[in-house]
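Next comes structure38.cif, with mmCIF, C-alpha atoms.
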```cif
data_model
loop_
_atom_site.label_atom_id
_atom_site.label_comp_id
_atom_site.auth_asym_id
_atom_site.auth_seq_id
_atom_site.Cartn_x
_atom_site.Cartn_y
_atom_site.Cartn_z
CA MET A 290 -9.87 34.43 -15.56
CA MET A 291 -11.37 36.19 -18.54
CA LEU A 292 -8.42 38.60 -18.56
CA GLY A 293 -6.15 35.59 -19.03
CA THR A 294 -8.27 34.28 -21.87
CA GLU A 295 -8.12 37.69 -23.53
CA ALA A 296 -4.44 38.43 -22.74
CA GLU A 297 -3.20 38.31 -26.34
CA THR A 298 -6.08 40.50 -27.50
CA ILE A 299 -5.41 43.04 -24.73
CA VAL A 300 -1.68 43.19 -25.60
CA ALA A 301 -2.53 43.62 -29.30
CA VAL A 302 -4.90 46.51 -28.51
CA LEU A 303 -2.31 48.18 -26.25
CA LEU A 304 0.27 47.90 -29.04
CA GLY A 305 -2.15 49.36 -31.59
CA GLY A 306 -2.75 46.11 -33.45
CA ASP A 307 -5.85 44.95 -35.25
CA VAL A 308 -8.40 42.96 -33.28
CA ALA A 309 -11.35 41.11 -34.74
CA VAL A 310 -14.47 40.78 -32.61
CA PRO A 311 -16.81 38.26 -34.20
CA TYR A 312 -20.49 38.94 -33.75
CA ALA A 313 -22.10 36.67 -31.20
CA PRO A 314 -25.48 37.39 -29.66
CA ILE A 315 -25.20 38.10 -25.94
CA GLY A 316 -27.88 35.50 -25.27
CA SER A 317 -25.77 32.71 -26.78
CA TYR A 318 -22.76 33.83 -24.73
CA ILE A 319 -24.84 33.77 -21.53
CA PHE A 320 -26.27 30.36 -22.46
CA THR A 321 -22.76 29.00 -23.09
CA PHE A 322 -21.59 30.42 -19.76
CA GLY A 323 -24.50 28.74 -17.95
CA ILE A 324 -23.78 25.36 -19.51
CA THR A 325 -20.05 25.74 -18.83
CA LEU A 326 -20.73 26.83 -15.26
CA PHE A 327 -22.76 23.75 -14.41
CA LEU A 328 -20.86 21.15 -16.45
CA ALA A 329 -17.26 22.24 -15.97
CA GLY A 330 -17.13 24.80 -13.19
CA ALA A 331 -19.51 23.13 -10.78
CA LEU A 332 -18.70 19.48 -11.31
CA GLU A 333 -14.92 19.80 -11.48
CA GLU A 334 -14.57 22.36 -8.70
CA LEU A 335 -16.52 20.17 -6.29
CA GLY A 336 -13.64 17.73 -6.63
CA TRP A 337 -10.61 19.96 -7.13
CA ARG A 338 -11.21 22.74 -4.63
CA GLY A 339 -14.18 21.39 -2.68
CA PHE A 340 -12.60 18.06 -1.81
CA LEU A 341 -8.88 17.88 -2.68
CA GLN A 342 -7.64 21.39 -1.86
CA PRO A 343 -8.61 21.51 1.83
CA ARG A 344 -7.50 17.93 2.47
CA LEU A 345 -4.12 18.22 0.76
CA GLN A 346 -3.49 21.51 2.57
CA GLN A 347 -3.69 19.66 5.86
CA ARG A 348 -0.53 17.72 4.88
CA PHE A 349 1.29 20.01 2.43
CA SER A 350 1.64 23.71 1.75
CA ALA A 351 -1.22 25.34 -0.15
CA LEU A 352 1.14 25.99 -3.06
CA ARG A 353 2.20 22.34 -3.27
CA ALA A 354 -1.43 21.21 -2.91
CA SER A 355 -2.43 23.54 -5.75
CA VAL A 356 0.36 22.27 -8.01
CA VAL A 357 -0.61 18.63 -7.33
CA ILE A 358 -4.24 19.44 -8.09
CA GLY A 359 -3.12 21.19 -11.29
CA VAL A 360 -1.27 18.08 -12.45
CA VAL A 361 -4.25 15.83 -11.65
CA TRP A 362 -6.61 18.34 -13.27
CA GLY A 363 -4.52 18.45 -16.44
CA LEU A 364 -4.29 14.66 -16.65
CA TRP A 365 -8.06 14.48 -16.08
CA HIS A 366 -8.48 16.12 -19.50
CA VAL A 367 -6.17 13.71 -21.38
CA PRO A 368 -9.13 11.68 -22.76
CA MET A 369 -10.63 14.91 -24.15
CA ILE A 370 -7.27 15.86 -25.64
CA LEU A 371 -6.81 12.44 -27.25
CA THR A 372 -10.30 12.46 -28.77
CA GLY A 373 -9.98 16.03 -30.02
CA THR A 374 -12.88 17.23 -27.88
CA GLY A 375 -12.43 20.78 -26.71
CA ASP A 376 -9.96 23.51 -27.60
CA PHE A 377 -6.57 22.40 -26.30
CA THR A 378 -3.10 23.65 -27.15
CA VAL A 379 0.20 21.78 -27.05
CA PHE A 380 0.14 19.36 -24.09
CA TRP A 381 3.11 20.80 -22.15
CA GLU A 382 1.70 24.32 -22.50
CA TYR A 383 -1.75 23.11 -21.47
CA MET A 384 -0.29 21.47 -18.34
CA LEU A 385 1.67 24.62 -17.46
CA ASN A 386 -1.48 26.70 -17.93
CA VAL A 387 -3.66 24.41 -15.77
CA ILE A 388 -1.07 24.23 -12.98
CA ALA A 389 -0.77 28.03 -12.90
CA MET A 390 -4.57 28.37 -12.90
CA SER A 391 -4.76 25.85 -10.07
CA VAL A 392 -2.46 28.04 -7.95
CA ILE A 393 -4.67 31.05 -8.69
CA LEU A 394 -7.82 29.10 -7.82
CA GLY A 395 -6.16 27.70 -4.68
CA TRP A 396 -5.39 31.26 -3.59
CA LEU A 397 -8.95 32.33 -4.40
CA TYR A 398 -10.38 29.35 -2.50
CA ASN A 399 -8.32 30.06 0.62
CA ASN A 400 -9.03 33.80 0.55
CA THR A 401 -12.79 33.35 0.20
CA GLU A 402 -13.01 30.86 3.09
CA GLY A 403 -13.68 28.04 0.65
CA ALA A 404 -16.50 29.70 -1.31
CA LEU A 405 -17.09 27.09 -4.02
CA PRO A 406 -19.49 29.24 -6.08
CA VAL A 407 -16.62 31.70 -6.60
CA MET A 408 -14.39 28.84 -7.82
CA MET A 409 -17.10 27.57 -10.13
CA ILE A 410 -17.63 30.99 -11.72
CA ALA A 411 -13.87 31.55 -12.11
CA HIS A 412 -13.43 28.11 -13.70
CA ALA A 413 -16.35 28.66 -16.08
CA SER A 414 -15.03 32.13 -16.98
CA HIS A 415 -11.78 30.61 -18.16
CA ASN A 416 -13.58 28.03 -20.30
CA MET A 417 -15.49 30.68 -22.26
CA PRO A 418 -14.51 31.41 -25.85
CA ARG A 419 -12.42 34.50 -26.45
CA ILE A 420 -14.31 37.67 -27.25
CA GLY A 421 -11.57 39.20 -29.39
CA ASP A 422 -8.95 37.77 -31.70
CA ALA A 423 -5.69 39.58 -32.40
CA ALA A 424 -5.28 39.56 -36.17
CA ARG A 425 -1.58 40.47 -36.14
CA ASP A 426 0.99 42.63 -34.38
CA VAL A 427 1.19 40.33 -31.38
CA PRO A 428 4.62 39.94 -29.75
CA ALA A 429 6.61 36.91 -30.95
CA MET A 430 6.65 35.63 -27.36
CA PHE A 431 3.07 34.45 -27.92
CA ASP A 432 4.34 32.09 -30.63
CA ILE A 433 6.19 30.22 -27.87
CA LEU A 434 3.69 30.53 -25.01
CA SER A 435 0.07 31.65 -25.29
CA GLY A 436 -1.11 34.88 -23.72
CA ASP A 437 -3.25 33.14 -21.14
CA ALA A 438 -0.36 30.90 -20.04
CA VAL A 439 1.91 33.95 -19.66
CA PHE A 440 -0.79 35.83 -17.74
CA TYR A 441 -1.60 32.92 -15.41
CA LEU A 442 2.08 32.15 -14.73
CA LEU A 443 2.69 35.79 -13.88
CA CYS A 444 -0.36 35.90 -11.57
CA ALA A 445 0.53 32.60 -9.87
CA SER A 446 4.11 33.79 -9.27
CA ILE A 447 2.95 37.10 -7.79
CA ILE A 448 0.44 35.29 -5.56
CA ALA A 449 3.07 32.86 -4.24
CA LEU A 450 5.51 35.70 -3.53
CA TYR A 451 2.90 38.00 -2.01
CA ALA A 452 0.83 35.57 0.03
CA GLY A 453 3.44 32.91 0.79
CA SER A 454 3.44 29.28 -0.18
CA ARG A 455 2.24 27.83 3.14
CA THR A 456 -1.37 29.06 2.98
CA LEU A 457 -1.50 31.38 -0.06
CA THR A 458 -3.11 33.91 2.30
CA ARG A 459 -1.63 36.98 3.94
CA ASN A 460 -3.14 36.12 7.34
CA GLY A 461 -1.76 32.58 7.36
CA THR A 462 -5.11 30.82 7.84
CA LEU A 463 -6.80 28.08 5.87
CA PRO A 464 -10.52 27.44 5.44
CA ALA A 465 -12.05 24.55 7.35
CA VAL A 466 -12.18 21.15 5.69
CA PRO A 467 -15.77 20.63 4.51
CA GLY A 468 -17.55 17.82 6.30
CA GLN A 469 -15.14 17.66 9.20
CA LEU A 470 -16.08 18.92 12.58
CA ARG A 471 -13.62 21.19 14.28
CA GLU A 472 -12.42 19.99 17.63
CA HIS A 473 -14.27 21.69 20.42
CA ILE A 474 -11.90 22.95 23.04
CA PRO A 475 -13.83 23.80 26.18
CA GLU A 476 -13.23 27.27 27.51
CA GLN A 477 -11.41 27.33 30.80
CA GLU A 478 -13.54 28.44 33.65
CA GLU A 479 -12.52 31.36 35.78
CA PRO A 480 -11.27 30.29 39.19
CA ALA A 481 -13.72 30.90 42.03
CA ASP A 482 -12.88 33.74 44.40
#
```

Represent the structure contained in this file as structure tokens.
Amino acid sequence: MMLGTEAETIVAVLLGGDVAVPYAPIGSYIFTFGITLFLAGALEELGWRGFLQPRLQQRFSALRASVVIGVVWGLWHVPMILTGTGDFTVFWEYMLNVIAMSVILGWLYNNTEGALPVMMIAHASHNMPRIGDAARDVPAMFDILSGDAVFYLLCASIIALYAGSRTLTRNGTLPAVPGQLREHIPEQEEPAD
């Protein structure tokens, strides 16, 4: 997720452009990550991936479930957008970004057997401020769509093509739904001789 956040900076460096790296003590960055992890990553991911993802996947494909969660997730932030709280871009780009990230996180959730701590860390990583800032010499494409949106859309597309839309996994399995017991199917006994 941090690669997405830094996508424009990485492209600028690869093209030989100037990049500014503001000084920030590592302690403040770690503190910000901790706060973000527990306020955004933990609380939101309990709902998005911990509750909604496995339940929606029982009725719809994992890709469709992830897109629906992305829409709900984006709309969840409308009050923050309207009050100017947070660092949001143009609404349509923000929604596109969140939906693509939701597909990536849905894939990650399914491929880690529903490991919520992984989702929480990935979510918090995306919410961190950028480390570098491309001063100039960034492709004009980034005037239309931000680097992180381009990166996440590319990743989400590759994931859907590679893993398949049904489960977003190569092995075709989904993690168990938390809180639901799996049906116990008794093993058949061997016939007596």

* Excluding same-chain residues fewer than 2 positions from Ser350 (chain A), what lies within 10 Å of it counting only C-alpha atoms, as a ChimeraX atom specification? -> /A:345-348,352-356,453-457

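Here, the PyMOL selection byres ((chain A and resi 399-415) around 7) matches A:Met290, A:Met291, A:Thr294, A:Phe322, A:Thr325, A:Leu326, A:Ala329, A:Gly330, A:Ala331, A:Glu334, A:Gly339, A:Leu394, A:Gly395, A:Trp396, A:Leu397, A:Tyr398, A:Asn416, A:Met417, A:Leu457, A:Thr458, A:Leu463, A:Pro464.
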
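When CA of Pro368 (chain A) is paired with CA of Leu328 (chain A), their separation reads 16.3 Å.
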
* **Coordinates-based distance that separates CA of Val387 (chain A) from CA of Pro467 (chain A) (Å, one decimal)** =>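 So the two atoms, CA of Pro467 (chain A) and CA of Val387 (chain A), lie 23.9 Å apart.
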
* Asked: Between A:Val308, A:Ile315, A:Leu443, A:Val361, which has the minimum distance to Glu333 (chain A) (counting all atoms listed in the file)?
  ->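 Between A:Val308, A:Ile315, A:Leu443, A:Val361, the residue approaching Glu333 (chain A) most closely is A:Val361.
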
* **Distance in Å - CA of Thr374 (chain A) versus CA of Thr321 (chain A)** =>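 Going from CA of Thr374 (chain A) over to CA of Thr321 (chain A) covers 16.1 Å.
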
Provide an axis-aligned box for all listed atoms of region 444-462 of chain A, padding each side by 6 Å; report its centre and its edge lengths in Å to one decimal, as lines of an AutoDock Vina configuration file.
```
center_x = 0.2
center_y = 32.9
center_z = -1.9
size_x = 22.6
size_y = 22.2
size_z = 31.4
```
